[in-house]
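Just final-v9.pdb here, PDB, C-alpha atoms:
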```pdb
ATOM      1  CA  MET A 885       4.616   1.220  -5.920
ATOM      2  CA  TYR A 886       2.645   2.782  -3.086
ATOM      3  CA  SER A 887       4.471   6.080  -3.322
ATOM      4  CA  GLU A 888       3.344   6.623  -6.905
ATOM      5  CA  ARG A 889      -0.386   6.809  -6.235
ATOM      6  CA  VAL A 890      -0.952   7.909  -2.670
ATOM      7  CA  GLU A 891      -1.764  11.497  -3.563
ATOM      8  CA  GLY A 892      -5.106  10.525  -5.121
ATOM      9  CA  ASP A 893      -8.602  10.269  -3.739
ATOM     10  CA  LEU A 894      -8.474   8.921  -0.211
ATOM     11  CA  SER A 895     -12.192   8.242   0.238
ATOM     12  CA  PRO A 896     -12.886   4.837   1.858
ATOM     13  CA  GLU A 897     -14.350   3.397  -1.330
ATOM     14  CA  ARG A 898     -14.646   4.471  -4.945
ATOM     15  CA  THR A 899     -17.139   3.433  -7.592
ATOM     16  CA  GLU A 900     -15.600   0.460  -9.365
ATOM     17  CA  GLU A 901     -15.190   0.725 -13.106
ATOM     18  CA  HIS A 902     -14.729  -2.972 -13.689
ATOM     19  CA  ALA A 903     -17.323  -5.708 -13.478
ATOM     20  CA  GLU A 904     -17.172  -8.019 -10.520
ATOM     21  CA  ALA A 905     -15.009 -11.074 -11.085
ATOM     22  CA  PRO A 906     -16.696 -14.477 -10.699
ATOM     23  CA  ARG A 907     -16.729 -15.590  -7.086
ATOM     24  CA  VAL A 908     -14.536 -18.531  -6.238
ATOM     25  CA  ARG A 909     -16.145 -20.824  -3.698
ATOM     26  CA  ARG A 910     -13.747 -21.552  -0.853
ATOM     27  CA  ARG A 911     -14.598 -23.597   2.206
ATOM     28  CA  ASN A 912     -11.119 -23.202   3.662
ATOM     29  CA  PRO A 913     -10.804 -19.954   5.683
ATOM     30  CA  GLN A 914      -7.014 -20.079   5.455
ATOM     31  CA  ALA A 915      -7.189 -20.304   1.661
ATOM     32  CA  SER A 916      -9.589 -17.370   1.557
ATOM     33  CA  ARG A 917      -7.332 -15.296   3.800
ATOM     34  CA  ALA A 918      -4.294 -16.124   1.671
ATOM     35  CA  ALA A 919      -6.152 -15.158  -1.507
ATOM     36  CA  ILE A 920      -7.260 -11.859   0.044
ATOM     37  CA  LEU A 921      -3.713 -11.014   1.173
ATOM     38  CA  ALA A 922      -2.298 -11.823  -2.278
ATOM     39  CA  ALA A 923      -4.954  -9.675  -3.944
ATOM     40  CA  ALA A 924      -4.314  -6.865  -1.452
ATOM     41  CA  ARG A 925      -0.571  -6.891  -2.094
ATOM     42  CA  ALA A 926      -1.206  -6.626  -5.842
ATOM     43  CA  ALA A 927      -3.784  -3.865  -5.442
ATOM     44  CA  PHE A 928      -1.667  -1.796  -3.052
ATOM     45  CA  ALA A 929       1.379  -2.203  -5.299
ATOM     46  CA  GLU A 930      -0.534  -1.070  -8.382
ATOM     47  CA  GLN A 931      -2.797   1.619  -6.907
ATOM     48  CA  GLY A 932      -1.157   2.684  -3.660
ATOM     49  CA  TYR A 933      -2.692   2.693  -0.198
ATOM     50  CA  ALA A 934      -5.108   5.476  -1.064
ATOM     51  CA  GLY A 935      -6.178   4.185  -4.454
ATOM     52  CA  ALA A 936      -6.851   0.564  -3.543
ATOM     53  CA  THR A 937     -10.356  -0.299  -2.365
ATOM     54  CA  ILE A 938     -11.795  -3.223  -0.446
ATOM     55  CA  ARG A 939     -14.244  -3.956  -3.266
ATOM     56  CA  ASP A 940     -11.472  -4.204  -5.843
ATOM     57  CA  ILE A 941      -9.421  -6.432  -3.558
ATOM     58  CA  ALA A 942     -12.441  -8.683  -3.019
ATOM     59  CA  ARG A 943     -12.997  -8.876  -6.794
ATOM     60  CA  ARG A 944      -9.372  -9.830  -7.374
ATOM     61  CA  ALA A 945      -9.532 -12.510  -4.662
ATOM     62  CA  GLY A 946     -12.818 -13.902  -5.952
ATOM     63  CA  VAL A 947     -14.590 -13.351  -2.637
ATOM     64  CA  THR A 948     -17.254 -11.026  -1.292
ATOM     65  CA  HIS A 949     -16.667  -7.620   0.268
ATOM     66  CA  GLY A 950     -18.155  -8.996   3.486
ATOM     67  CA  LEU A 951     -15.686 -11.877   3.632
ATOM     68  CA  VAL A 952     -12.758  -9.467   3.356
ATOM     69  CA  MET A 953     -14.163  -7.449   6.249
ATOM     70  CA  MET A 954     -14.737 -10.613   8.263
ATOM     71  CA  HIS A 955     -11.030 -11.462   8.039
ATOM     72  CA  PHE A 956      -9.794  -7.861   8.337
ATOM     73  CA  ALA A 957     -11.852  -5.294  10.188
ATOM     74  CA  SER A 958     -10.705  -2.333   8.085
ATOM     75  CA  LYS A 959      -8.649  -1.292   5.083
ATOM     76  CA  GLU A 960      -5.911  -0.181   7.457
ATOM     77  CA  GLN A 961      -5.680  -3.596   9.117
ATOM     78  CA  LEU A 962      -5.649  -5.322   5.718
ATOM     79  CA  PHE A 963      -2.848  -3.042   4.542
ATOM     80  CA  LEU A 964      -0.752  -3.716   7.643
ATOM     81  CA  ALA A 965      -1.274  -7.476   7.285
ATOM     82  CA  ALA A 966      -0.505  -7.539   3.562
ATOM     83  CA  VAL A 967       2.622  -5.446   3.149
ATOM     84  CA  PRO A 968       6.112  -5.999   4.591
ATOM     85  CA  GLY A 969       7.269  -4.066   7.624
ATOM     86  CA  HIS A 970       4.642  -3.731  10.294
ATOM     87  CA  ARG A 971       3.365  -7.263   9.796
ATOM     88  CA  ASP A 972       6.825  -8.567  10.795
ATOM     89  CA  LEU A 973       6.997  -6.619  14.055
ATOM     90  CA  ALA A 974       5.974  -9.595  16.191
ATOM     91  CA  GLU A 975       9.069 -11.496  15.075
ATOM     92  CA  VAL A 976      11.278  -8.460  15.726
ATOM     93  CA  VAL A 977      10.126  -7.842  19.297
ATOM     94  CA  ALA A 978      10.361 -11.503  20.322
ATOM     95  CA  GLY A 979      13.456 -12.157  22.409
ATOM     96  CA  GLU A 980      15.328 -10.732  25.365
ATOM     97  CA  PRO A 981      13.886  -7.323  26.377
ATOM     98  CA  GLU A 982      17.326  -5.795  27.004
ATOM     99  CA  LEU A 983      18.256  -6.327  23.339
ATOM    100  CA  LEU A 984      14.969  -4.958  21.998
ATOM    101  CA  PRO A 985      16.478  -1.613  20.845
ATOM    102  CA  GLU A 986      19.138  -3.414  18.819
ATOM    103  CA  ARG A 987      16.565  -5.682  17.153
ATOM    104  CA  VAL A 988      14.178  -2.847  16.314
ATOM    105  CA  ALA A 989      16.937  -0.617  14.920
ATOM    106  CA  ALA A 990      18.431  -3.428  12.822
ATOM    107  CA  ALA A 991      15.057  -4.500  11.434
ATOM    108  CA  PHE A 992      14.013  -0.946  10.599
ATOM    109  CA  VAL A 993      17.232  -0.106   8.771
ATOM    110  CA  GLU A 994      17.352  -3.405   6.872
ATOM    111  CA  ARG A 995      13.709  -3.081   5.806
ATOM    112  CA  MET A 996      13.904   0.526   4.726
ATOM    113  CA  GLU A 997      17.230   0.174   2.939
ATOM    114  CA  SER A 998      16.029  -2.832   0.935
ATOM    115  CA  ASP A 999      12.754  -1.376  -0.401
ATOM    116  CA  SER A1000      11.370   1.590   1.510
ATOM    117  CA  ASN A1001       8.600   2.258  -1.019
ATOM    118  CA  ASP A1002       6.799  -0.866   0.209
ATOM    119  CA  ASP A1003       6.783   0.229   3.841
ATOM    120  CA  PRO A1004       3.695   1.332   5.804
ATOM    121  CA  LEU A1005       5.634   4.317   7.168
ATOM    122  CA  ILE A1006       6.087   5.623   3.616
ATOM    123  CA  ALA A1007       2.359   5.261   2.963
ATOM    124  CA  LEU A1008       1.595   7.001   6.261
ATOM    125  CA  VAL A1009       3.843  10.018   5.660
ATOM    126  CA  ARG A1010       2.791  10.473   2.044
ATOM    127  CA  SER A1011      -0.925  10.145   2.776
ATOM    128  CA  ALA A1012      -0.638  12.777   5.514
ATOM    129  CA  ALA A1013       0.327  15.305   2.846
ATOM    130  CA  SER A1014      -2.983  14.950   1.040
ATOM    131  CA  ASN A1015      -5.535  13.617   3.539
ATOM    132  CA  VAL A1016      -5.120  13.887   7.289
ATOM    133  CA  ASP A1017      -8.100  11.626   8.012
ATOM    134  CA  ALA A1018      -6.658   8.726   6.011
ATOM    135  CA  ALA A1019      -3.270   9.181   7.656
ATOM    136  CA  THR A1020      -4.900   9.305  11.096
ATOM    137  CA  ARG A1021      -6.733   6.028  10.516
ATOM    138  CA  LEU A1022      -3.565   4.286   9.360
ATOM    139  CA  TYR A1023      -1.469   5.771  12.182
ATOM    140  CA  THR A1024      -4.056   4.738  14.793
ATOM    141  CA  ALA A1025      -4.096   1.164  13.486
ATOM    142  CA  MET A1026      -0.295   0.990  13.469
ATOM    143  CA  GLN A1027      -0.023   2.359  17.005
ATOM    144  CA  ALA A1028      -2.687   0.029  18.378
ATOM    145  CA  ASN A1029      -0.865  -2.979  16.952
ATOM    146  CA  SER A1030       2.482  -1.733  18.263
ATOM    147  CA  VAL A1031       1.154  -1.126  21.785
ATOM    148  CA  GLU A1032      -0.248  -4.644  21.896
ATOM    149  CA  LEU A1033       3.094  -6.153  20.871
ATOM    150  CA  TYR A1034       5.280  -3.991  23.122
ATOM    151  CA  ARG A1035       3.015  -4.093  26.180
ATOM    152  CA  ASP A1036       4.781  -6.939  27.974
ATOM    153  CA  LEU A1037       8.296  -5.861  27.008
ATOM    154  CA  LEU A1038       8.519  -2.230  28.090
ATOM    155  CA  PRO A1039       9.156  -1.767  31.818
ATOM    156  CA  GLY A1040       7.744   1.048  33.908
ATOM    157  CA  PRO A1041       4.784   3.393  33.409
ATOM    158  CA  ASP A1042       3.295   5.062  30.314
ATOM    159  CA  GLN A1043       3.956   2.289  27.840
ATOM    160  CA  VAL A1044       1.553   3.848  25.341
ATOM    161  CA  GLY A1045       3.391   7.150  25.447
ATOM    162  CA  ARG A1046       6.744   5.499  24.895
ATOM    163  CA  VAL A1047       5.424   3.457  21.963
ATOM    164  CA  GLU A1048       4.198   6.715  20.433
ATOM    165  CA  PHE A1049       7.659   8.239  20.902
ATOM    166  CA  VAL A1050       9.176   5.257  19.084
ATOM    167  CA  GLY A1051       6.702   5.809  16.264
ATOM    168  CA  ALA A1052       7.508   9.518  16.113
ATOM    169  CA  LEU A1053      11.233   8.766  15.920
ATOM    170  CA  MET A1054      10.792   6.283  13.085
ATOM    171  CA  ILE A1055       8.411   8.554  11.175
ATOM    172  CA  GLY A1056      10.900  11.415  11.432
ATOM    173  CA  VAL A1057      13.768   9.271  10.151
ATOM    174  CA  THR A1058      11.537   7.954   7.358
ATOM    175  CA  PHE A1059      10.651  11.462   6.241
ATOM    176  CA  SER A1060      14.214  12.801   6.308
ATOM    177  CA  ARG A1061      16.081   9.829   4.861
ATOM    178  CA  TYR A1062      13.608   8.040   2.601
ATOM    179  CA  ILE A1063      11.247  10.757   1.360
ATOM    180  CA  VAL A1064      13.085  14.103   1.424
ATOM    181  CA  ARG A1065      16.460  12.327   1.055
ATOM    182  CA  SER A1066      18.385  15.381   2.193
ATOM    183  CA  GLY A1067      20.626  16.303   5.116
ATOM    184  CA  ARG A1068      22.858  14.380   7.471
ATOM    185  CA  LEU A1069      20.403  11.518   8.017
ATOM    186  CA  ALA A1070      20.237  10.896   4.282
ATOM    187  CA  GLU A1071      24.033  10.930   4.025
ATOM    188  CA  MET A1072      24.686   8.360   6.755
ATOM    189  CA  SER A1073      25.570   4.808   5.878
ATOM    190  CA  ALA A1074      23.108   2.143   6.950
ATOM    191  CA  ASP A1075      25.475   1.077   9.728
ATOM    192  CA  GLU A1076      25.788   4.649  11.020
ATOM    193  CA  LEU A1077      22.033   5.062  11.054
ATOM    194  CA  ARG A1078      21.551   1.844  12.991
ATOM    195  CA  GLU A1079      24.185   2.815  15.559
ATOM    196  CA  HIS A1080      22.556   6.219  16.071
ATOM    197  CA  LEU A1081      19.107   4.690  16.478
ATOM    198  CA  ILE A1082      20.056   2.119  19.116
ATOM    199  CA  PRO A1083      20.798   4.518  22.043
ATOM    200  CA  LEU A1084      17.777   6.663  21.182
ATOM    201  CA  LEU A1085      15.504   3.626  21.168
ATOM    202  CA  ARG A1086      17.109   2.333  24.364
ATOM    203  CA  THR A1087      16.355   5.588  26.167
ATOM    204  CA  ILE A1088      12.732   5.598  25.001
ATOM    205  CA  MET A1089      12.020   1.910  25.492
ATOM    206  CA  LEU A1090      14.005   0.938  28.549
ATOM    207  CA  GLY A1091      14.760   4.262  30.227
TER     208      GLY A1091
END
```

Now that the file is in, can you turn its structure into structure tokens?
Amino acid sequence: MYSERVEGDLSPERTEEHAEAPRVRRRNPQASRAAILAAARAAFAEQGYAGATIRDIARRAGVTHGLVMMHFASKEQLFLAAVPGHRDLAEVVAGEPELLPERVAAAFVERMESDSNDDPLIALVRSAASNVDAATRLYTAMQANSVELYRDLLPGPDQVGRVEFVGALMIGVTFSRYIVRSGRLAEMSADELREHLIPLLRTIMLG
């Protein structure tokens, strides 16, 4: 799982030990994208966010490094597209704005309670412990995506600031409940956690 390997070398690329796999010719961009995402999920699961490299993912998918970068501008964007959690945010935010806090709280709790080790927030918090630059790149990508999705839903000024407050809240809960696993937050039931999150999110998002 991601949490098992994130403390390793966080350099953008490492020298590959394995020979390149034969390239698979694909004329269908959707098929290429699907193959890249499948390879990325396997690589991130086996090696963690830090350990996986674009070159290894390309080798697994049978495509070139350049084709991976054409579909996904960076390792961070590929990670967010491949793993559960952040990639599903568009579905979560869709709907009536006044019920947005309830949807976000419910989705966060359900996702984290089912398999938190697969979540981008886990990768973010754990990578911050060993390499601030890697964590910054991932955090920046996550925030940019979130701002784009929330932009038309949050009323009033300073939407970017409020999205960052939402991120800070979720990161804090992730650290306390799913990494440290100690204290009152860790002791709450899933229902209690959701009910505590809703008014906090409502204040941040809707004022």

Could you list the residues chosen by the PyMOL selection byres ((chain A and resi 1029-1043) around 12) in this structure as a count of residues only? 44

Here's a test: counting all atoms listed in the file, identify every protein, DNA and RNA residue with an atom at most 8 Å from (-16.7, -5.7, 0.4) in the file's coordinate frame, and state them as a PyMOL selection string. chain A and resi 938-939+942+948-953

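Across the structure, atom CA of A:Lys959 and atom CA of A:Met996 are spaced 22.6 Å apart.
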
Nearest-residue call for A:Val967, choices A:Ala990, A:Ile941, A:Ala919, A:Ala1007, using only C-alpha atoms: A:Ala1007

Could you tell me which of A:Met1072, A:Ala991, A:Ala934, A:Leu1081 comes closest to A:Arg1010 if we count all atoms listed in the file? A:Ala934

Which polymer residues have any atom within 8 Å of an atom of A:Val993, counting all atoms listed in the file, with same-chain residues fewer than 3 positions away left out, as a PyMOL selection string? chain A and resi 989-990+996-997+1074+1077-1078

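In terms of minimum interatomic distance to A:Glu1079, A:Phe992 ranks closest within A:Arg943, A:Ala923, A:Phe992, A:Ala918, counting only C-alpha atoms.
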
I'd like the interatomic distance between atom CA of A:Ser916 and atom CA of A:Gly935, to a tenth of an Å. 22.6 Å

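Atom CA of A:Met1054 is found 15.6 Å from atom CA of A:Arg1068.
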
Picked residues, the PyMOL selection byres ((chain A and resi 924) around 8), expected as a PDB file with C-alpha atoms, in the coordinates of the input:
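Result written to expr25.pdb:
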```pdb
ATOM      1  CA  ILE A 920      -7.260 -11.859   0.044  1.00  0.00           C
ATOM      2  CA  LEU A 921      -3.713 -11.014   1.173  1.00  0.00           C
ATOM      3  CA  ALA A 922      -2.298 -11.823  -2.278  1.00  0.00           C
ATOM      4  CA  ALA A 923      -4.954  -9.675  -3.944  1.00  0.00           C
ATOM      5  CA  ARG A 925      -0.571  -6.891  -2.094  1.00  0.00           C
ATOM      6  CA  ALA A 926      -1.206  -6.626  -5.842  1.00  0.00           C
ATOM      7  CA  ALA A 927      -3.784  -3.865  -5.442  1.00  0.00           C
ATOM      8  CA  PHE A 928      -1.667  -1.796  -3.052  1.00  0.00           C
ATOM      9  CA  ILE A 941      -9.421  -6.432  -3.558  1.00  0.00           C
ATOM     10  CA  LEU A 962      -5.649  -5.322   5.718  1.00  0.00           C
ATOM     11  CA  PHE A 963      -2.848  -3.042   4.542  1.00  0.00           C
ATOM     12  CA  ALA A 966      -0.505  -7.539   3.562  1.00  0.00           C
TER      13      ALA A 966
END
```

Of the candidates A:Ser1066, A:Ser1073, A:Gln914, A:Ser1060, which shows the shortest atom-to-atom distance to A:His955, using only C-alpha atoms? A:Gln914
